[in-house]
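Have a look at model-v4.txt below; it lists compact mmCIF, C-alpha atoms.
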# COMPACT_ATOMS: atom_id res chain seq x y z
CA MET A 1 98.22 96.61 86.76
CA LYS A 2 95.03 97.77 85.06
CA ASN A 3 92.21 95.35 85.74
CA THR A 4 88.84 96.81 84.93
CA LYS A 5 87.11 93.43 85.25
CA LEU A 6 87.41 93.38 89.02
CA LYS A 7 84.95 95.53 90.95
CA PHE A 8 85.29 96.24 94.63
CA PHE A 9 82.73 97.57 97.09
CA ILE A 10 84.48 99.49 99.84
CA ASP A 11 83.24 99.10 103.42
CA THR A 12 83.38 102.13 105.72
CA THR A 13 86.13 100.48 107.80
CA VAL A 14 88.39 100.44 104.73
CA ALA A 15 87.67 104.05 103.79
CA ILE A 16 88.40 105.19 107.36
CA SER A 17 91.60 103.13 107.64
CA ALA A 18 92.80 104.68 104.35
CA ILE A 19 91.87 108.26 105.29
CA THR A 20 93.54 107.97 108.70
CA GLY A 21 96.60 106.19 107.29
CA ARG A 22 96.08 103.14 109.51
CA ASN A 23 96.39 100.74 106.58
CA LYS A 24 98.54 101.70 103.63
CA ASP A 25 97.06 98.91 101.50
CA ALA A 26 93.62 100.50 101.98
CA TRP A 27 95.10 103.80 100.85
CA ILE A 28 96.66 102.24 97.72
CA LEU A 29 93.32 100.61 96.94
CA LEU A 30 91.51 103.98 97.08
CA GLU A 31 94.22 105.69 95.03
CA SER A 32 93.95 102.93 92.41
CA GLY A 33 90.23 103.69 92.16
CA LYS A 34 90.94 107.41 91.82
CA LYS A 35 93.30 106.71 88.94
CA ARG A 36 90.68 104.39 87.40
CA LEU A 37 93.04 101.43 87.49
CA ILE A 38 90.20 99.50 89.14
CA LEU A 39 86.48 100.06 89.75
CA LEU A 40 85.47 100.98 93.29
CA PHE A 41 81.96 101.44 94.65
CA VAL A 42 80.35 102.68 97.85
CA ASN A 43 76.76 103.67 98.58
CA GLU A 44 75.20 106.66 100.33
CA PHE A 45 75.01 104.62 103.53
CA VAL A 46 78.83 104.28 103.53
CA ILE A 47 79.30 107.99 102.82
CA LYS A 48 77.06 108.88 105.77
CA GLU A 49 78.98 106.47 108.00
CA ILE A 50 82.35 107.91 106.95
CA ARG A 51 81.18 111.43 107.79
CA ARG A 52 79.76 110.34 111.15
CA THR A 53 82.75 108.18 112.13
CA LEU A 54 85.31 110.89 111.34
CA LYS A 55 83.23 113.29 113.43
CA GLU A 56 83.32 110.77 116.29
CA PHE A 57 87.14 110.82 116.01
CA ASP A 58 87.03 114.64 116.31
CA PHE A 59 88.48 115.52 112.92
CA SER A 60 87.83 119.07 111.72
CA GLN A 61 84.79 119.72 109.55
CA GLU A 62 87.09 120.96 106.78
CA ASN A 63 89.07 117.71 106.74
CA ILE A 64 85.90 115.61 106.97
CA ASN A 65 84.48 117.42 103.93
CA TYR A 66 87.77 116.91 102.09
CA ALA A 67 87.77 113.20 102.97
CA ILE A 68 84.21 112.74 101.68
CA GLU A 69 85.10 114.56 98.46
CA TYR A 70 88.20 112.39 98.14
CA VAL A 71 86.30 109.10 98.60
CA SER A 72 83.68 110.27 96.10
CA GLU A 73 86.47 110.84 93.56
CA CYS A 74 87.90 107.37 94.15
CA CYS A 75 84.59 105.48 94.13
CA THR A 76 81.28 105.53 92.30
CA VAL A 77 78.61 106.41 94.87
CA ARG A 78 75.42 104.35 94.46
CA LYS A 79 71.97 104.85 96.01
CA ASN A 80 71.17 102.69 99.01
CA VAL A 81 69.54 99.30 98.46
CA SER A 82 65.90 99.28 99.54
CA LYS A 83 64.99 97.44 102.73
CA ALA A 84 62.61 95.20 100.75
CA LYS A 85 65.68 93.36 99.43
CA PHE A 86 67.17 92.71 102.88
CA SER A 87 65.12 89.61 103.78
CA LYS A 88 67.33 87.21 101.79
CA TYR A 89 70.37 88.06 103.90
CA ILE A 90 70.74 86.20 107.18
CA ILE A 91 73.84 87.43 109.00
CA GLN A 92 74.84 88.04 112.61
CA ASP A 93 74.55 91.83 112.52
CA ARG A 94 71.58 93.09 110.50
CA ASN A 95 73.16 96.56 110.48
CA ASP A 96 75.75 95.22 108.03
CA ILE A 97 73.11 94.31 105.46
CA PRO A 98 73.12 97.71 103.63
CA ILE A 99 76.84 97.17 102.92
CA LEU A 100 76.48 93.52 101.94
CA ALA A 101 73.43 94.20 99.75
CA GLY A 102 75.23 97.13 98.10
CA ALA A 103 78.14 94.89 97.13
CA VAL A 104 75.86 92.08 95.91
CA GLN A 105 73.80 94.52 93.82
CA GLU A 106 77.02 95.74 92.17
CA SER A 107 78.31 92.16 91.67
CA ALA A 108 81.45 93.41 93.37
CA ILE A 109 83.97 91.92 95.77
CA LEU A 110 83.41 93.33 99.26
CA VAL A 111 86.50 94.81 100.93
CA THR A 112 86.35 95.20 104.71
CA GLU A 113 88.58 95.43 107.78
CA ASP A 114 85.85 93.80 109.88
CA ASN A 115 86.58 90.08 110.23
CA ALA A 116 83.09 89.28 111.52
CA LEU A 117 81.48 90.87 108.46
CA LYS A 118 84.06 89.18 106.22
CA ASN A 119 83.14 85.75 107.53
CA ASP A 120 79.41 86.44 107.35
CA ALA A 121 79.49 87.94 103.87
CA LYS A 122 81.28 84.94 102.36
CA LYS A 123 77.93 83.15 102.11
CA TYR A 124 76.79 85.69 99.54
CA LEU A 125 79.87 87.00 97.74
CA GLU A 126 83.64 87.12 97.73
CA CYS A 127 84.93 89.19 100.63
CA VAL A 128 88.55 90.21 101.30
CA ASN A 129 90.62 92.65 103.32
CA PRO A 130 92.61 95.44 101.56
CA SER A 131 95.85 93.41 101.44
CA GLU A 132 94.06 90.48 99.82
CA ALA A 133 92.42 92.87 97.35
CA LEU A 134 95.83 94.20 96.29
CA LYS A 135 97.13 90.66 95.88
CA MET A 136 94.24 89.97 93.49
CA LEU A 137 95.39 92.97 91.47
CA SER A 138 99.10 92.14 91.75
CA ILE A 139 99.75 95.66 93.02
CA MET B 140 118.49 115.48 84.93
CA GLN B 141 121.74 114.62 86.70
CA TYR B 142 122.40 110.87 86.41
CA LEU B 143 124.58 108.88 88.81
CA SER B 144 127.94 108.29 87.11
CA GLU B 145 128.61 104.92 88.72
CA THR B 146 126.93 101.63 87.90
CA LEU B 147 125.16 100.08 90.89
CA PHE B 148 124.41 96.39 91.33
CA GLY B 149 121.87 94.40 93.34
CA LYS B 150 121.70 90.69 94.12
CA VAL B 151 118.44 88.76 93.78
CA THR B 152 117.59 86.74 96.90
CA LYS B 153 115.96 83.31 97.05
CA ALA B 154 112.59 85.03 97.55
CA GLY B 155 113.14 87.15 94.43
CA THR B 156 113.69 90.41 96.29
CA ILE B 157 116.38 92.98 95.53
CA THR B 158 117.57 96.00 97.50
CA ILE B 159 117.38 99.34 95.74
CA PRO B 160 120.76 101.01 96.42
CA LYS B 161 120.58 103.77 99.03
CA LYS B 162 121.86 106.44 96.63
CA LEU B 163 118.95 105.72 94.28
CA ARG B 164 116.41 105.55 97.12
CA MET B 165 117.55 108.95 98.31
CA LYS B 166 117.62 110.46 94.83
CA TYR B 167 114.06 109.31 94.07
CA HIS B 168 112.72 109.85 97.62
CA ILE B 169 111.75 106.19 98.01
CA LYS B 170 110.85 105.48 101.64
CA VAL B 171 110.03 102.32 103.62
CA GLY B 172 106.52 101.16 102.73
CA ASP B 173 106.42 103.04 99.41
CA VAL B 174 105.13 101.26 96.35
CA VAL B 175 107.24 101.06 93.21
CA LYS B 176 106.05 100.16 89.75
CA TYR B 177 107.88 97.62 87.53
CA ALA B 178 107.74 98.32 83.79
CA ASP B 179 108.84 95.67 81.29
CA VAL B 180 110.97 97.57 78.72
CA ASP B 181 113.16 96.56 75.75
CA ASP B 182 116.41 96.11 77.64
CA GLY B 183 115.20 95.00 81.06
CA ILE B 184 113.02 96.08 83.96
CA LYS B 185 112.42 99.73 84.78
CA ILE B 186 111.57 100.55 88.43
CA VAL B 187 109.51 103.71 88.84
CA PRO B 188 108.45 105.32 92.13
CA SER B 189 104.68 104.91 92.06
CA GLU B 190 102.38 107.90 91.97
CA LEU B 191 100.08 105.82 94.19
CA THR B 192 102.12 106.87 97.22
CA SER B 193 101.59 110.63 96.85
CA ILE B 194 99.36 111.92 99.64
CA PRO B 195 97.27 115.14 99.43
CA PRO B 196 98.10 117.63 102.26
CA ASN B 197 94.64 117.39 103.92
CA ILE B 198 94.89 113.60 104.03
CA LYS B 199 98.47 113.79 105.34
CA GLU B 200 97.18 116.07 108.09
CA MET B 201 94.57 113.44 109.00
CA TRP B 202 97.22 110.69 109.03
CA ASP B 203 99.34 112.77 111.43
CA GLU B 204 96.33 113.54 113.62
CA ALA B 205 95.37 109.85 113.71
CA ASN B 206 98.96 109.06 114.80
CA GLU B 207 98.75 111.63 117.60
CA LYS B 208 95.38 110.24 118.72
CA LYS B 209 96.79 106.70 118.45
CA ILE B 210 93.73 105.52 116.54
CA SER B 211 93.94 101.76 116.08
CA MET B 212 92.29 99.48 113.56
CA LYS B 213 90.33 97.82 116.39
CA GLU B 214 89.01 101.23 117.41
CA ILE B 215 87.97 101.99 113.82
CA VAL B 216 86.04 98.74 113.51
CA GLU B 217 84.32 99.32 116.88
CA LYS B 218 83.49 102.95 116.10
CA VAL B 219 82.04 102.04 112.70
CA LYS B 220 79.91 99.34 114.36
CA LYS B 221 78.48 101.94 116.76
CA VAL B 222 77.86 104.48 113.99
CA ARG B 223 76.39 101.77 111.73
CA SER B 224 73.70 101.01 114.26
CA GLN B 225 72.68 104.70 114.38
CA VAL B 226 72.79 105.15 110.60
CA TYR B 227 70.79 101.95 110.02
CA ASN B 228 68.04 103.20 112.32
CA GLU B 229 67.98 106.62 110.63
CA GLU B 230 67.94 105.23 107.09
CA TYR B 231 65.75 102.16 107.49
CA GLU B 232 63.77 102.33 110.73
CA ALA B 233 62.71 105.99 110.84
In C-alpha cells, what does this structure look like?
Amino acid sequence: MKNTKLKFFIDTTVAISAITGRNKDAWILLESGKKRLILLFVNEFVIKEIRRTLKEFDFSQENINYAIEYVSECCTVRKNVSKAKFSKYIIQDRNDIPILAGAVQESAILVTEDNALKNDAKKYLECVNPSEALKMLSI
Amino acid sequence: MQYLSETLFGKVTKAGTITIPKKLRMKYHIKVGDVVKYADVDDGIKIVPSELTSIPPNIKEMWDEANEKKISMKEIVEKVKKVRSQVYNEEYEA
C-alpha cells in the first residue's frame, strides 16, 4: 500500500468531508497521510478555509482546533503561493487559483470534491476525487 | 487469544469478492464500510482489520454532529465556495 511517489494536494472540500464523516474515502486518504503511507499537502489558505468553514457549520471552537491540528498532522502545510504567479491560470473561478497553484507548485495531484474545480484544474494537473485517489493507491 | 475452534469457509464470487463469516466480523469488530488490509503471507492471504478505520473521539463527535445537522456534500462544496471568496479577498486583495 505504501506509495511515496504519489503526492496529493488536499482541497478544503476534501478535508471538510473527511472531518465531518461525509465521505469515508476522504477520511481514509487523510489517515493514510497521517500514517505516512502517502504524501499529502495543503497550504495556509486551505487551513484558513477549514477553520472558517467549520465555524460556519457551528462546530465548537474546541473541535475546530482539534480538526486543524489533525489535518496538520496528516498533511504538510505549505506557505501560500504569491499572487504574482496567478496570471498563468485561466479558470472559471479565480478564487480557486490559490488551491490550484498550491498543487502545481508541489507537483501534486489535486484532490477535490468540487466537480467544477476538478474539470477546470485538469488543464494544469491531474485532478481526482477521494475515491479515485484511493483507487490510484489500491487502498 | 481465544481462537474459534471451527474452520469457516467462504466462496469467491465472479467479481472476486468473499464474505467474511459473521462470527469473525463480530469477533474483530468489522463493520459495514470498514477497510481491511490483505497481507500476502507464506501459506495464503491474511485479512487484518485496518487501523485506518479508527476514529479519534473528537472527530467521531464531529461526524455525529454532522449527521444530526444533516450536512450534505453539496452543502460543503457551496459553503467552501462562499468562504473561499472571503478568504481570497483577505489574503490577496487586502
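For the atom pair formed by CA of Ala116 (chain A) and CA of Gln92 (chain A), the distance is 8.4 Å, given to one decimal.
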I'd like the neighbourhood of region 195-211 of chain B as a tab-separated table (two decimals) with C-alpha atoms, keeping the file's coordinate frame, where a residue qualifies if any of its atoms comes within 12 Å (using all atoms listed in the file), though same-chain residues fewer than 3 positions away should be ignored.
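Output file selection-v7.tsv follows:
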chain	number	residue	atom	x	y	z
A	13	THR	CA	86.13	100.48	107.80
A	15	ALA	CA	87.67	104.05	103.79
A	16	ILE	CA	88.40	105.19	107.36
A	17	SER	CA	91.60	103.13	107.64
A	18	ALA	CA	92.80	104.68	104.35
A	19	ILE	CA	91.87	108.26	105.29
A	20	THR	CA	93.54	107.97	108.70
A	21	GLY	CA	96.60	106.19	107.29
A	22	ARG	CA	96.08	103.14	109.51
A	23	ASN	CA	96.39	100.74	106.58
A	24	LYS	CA	98.54	101.70	103.63
A	27	TRP	CA	95.10	103.80	100.85
A	31	GLU	CA	94.22	105.69	95.03
A	54	LEU	CA	85.31	110.89	111.34
A	56	GLU	CA	83.32	110.77	116.29
A	57	PHE	CA	87.14	110.82	116.01
A	58	ASP	CA	87.03	114.64	116.31
A	59	PHE	CA	88.48	115.52	112.92
A	60	SER	CA	87.83	119.07	111.72
A	61	GLN	CA	84.79	119.72	109.55
A	62	GLU	CA	87.09	120.96	106.78
A	63	ASN	CA	89.07	117.71	106.74
A	64	ILE	CA	85.90	115.61	106.97
A	65	ASN	CA	84.48	117.42	103.93
A	66	TYR	CA	87.77	116.91	102.09
A	67	ALA	CA	87.77	113.20	102.97
A	68	ILE	CA	84.21	112.74	101.68
A	69	GLU	CA	85.10	114.56	98.46
A	70	TYR	CA	88.20	112.39	98.14
A	71	VAL	CA	86.30	109.10	98.60
A	113	GLU	CA	88.58	95.43	107.78
B	190	GLU	CA	102.38	107.90	91.97
B	191	LEU	CA	100.08	105.82	94.19
B	192	THR	CA	102.12	106.87	97.22
B	214	GLU	CA	89.01	101.23	117.41
B	215	ILE	CA	87.97	101.99	113.82
B	216	VAL	CA	86.04	98.74	113.51
B	217	GLU	CA	84.32	99.32	116.88
B	218	LYS	CA	83.49	102.95	116.10
Given the choices A:Thr76, A:Thr53, A:Asn119, A:Thr112, which gets closest to Ala26 (chain A) if the distance is worked out from all atoms listed in the file? A:Thr112
Take the point (105.0, 98.3, 88.4) in the file's coordinates, draw a sphere of radius 9 Å around it, and report as number ranges by chain every protein, DNA or RNA residue with an atom inside or on it, counting all atoms listed in the file. A: 1, 139; B: 174-179, 185-189
Would you compute an axis-aligned box for region 129-134 of chain A, covering every atom listed for it in the file with 6 Å of margin on each side, and report centre and edge lengths in Å to one decimal as lines of an AutoDock Vina configuration file?
center_x = 93.2
center_y = 93.0
center_z = 99.8
size_x = 17.2
size_y = 17.0
size_z = 19.0
Find the residues with any atom within 8 Å of (73.9, 99.0, 101.8); use only C-alpha atoms and the coordinates as given in the file, and write the answer as a PyMOL selection string. chain A and resi 43-46+80-81+96-103
A:Leu30, A:Ile10, A:Leu40, A:Ala133: which is nearest chain B, counting all atoms listed in the file? A:Leu30
Which residues are near Asn115 (chain A)? Cut-off 12 Å, all atoms listed in the file, ignore same chain within fewer than 2 positions. Put them as a PyMOL selection string. (chain A and resi 11+13-14+110-113+117-122+127-130) or (chain B and resi 212-213+216-217)
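Closest approach to Glu229 (chain B) from the set A:Glu73, A:Leu137, A:Lys88, A:Lys48 is made by A:Lys48, with distances taken over only C-alpha atoms.
CA of Ser224 (chain B) sits 24.7 Å away from CA of Ser107 (chain A).
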Can you tell me which residues surround Leu6 (chain A) at a distance of at most 9 Å, considering all atoms listed in the file, apart from same-chain residues fewer than 4 positions away, and format the answer as a PyMOL selection string? chain A and resi 38-40+108-109+136-137
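Going from CA of Val42 (chain A) to CA of Ile90 (chain A) covers 21.2 Å.
Considering only C-alpha atoms, the residue among A:Leu125, A:Cys75, A:Val104, A:Ala84 positioned nearest to chain B is A:Ala84.
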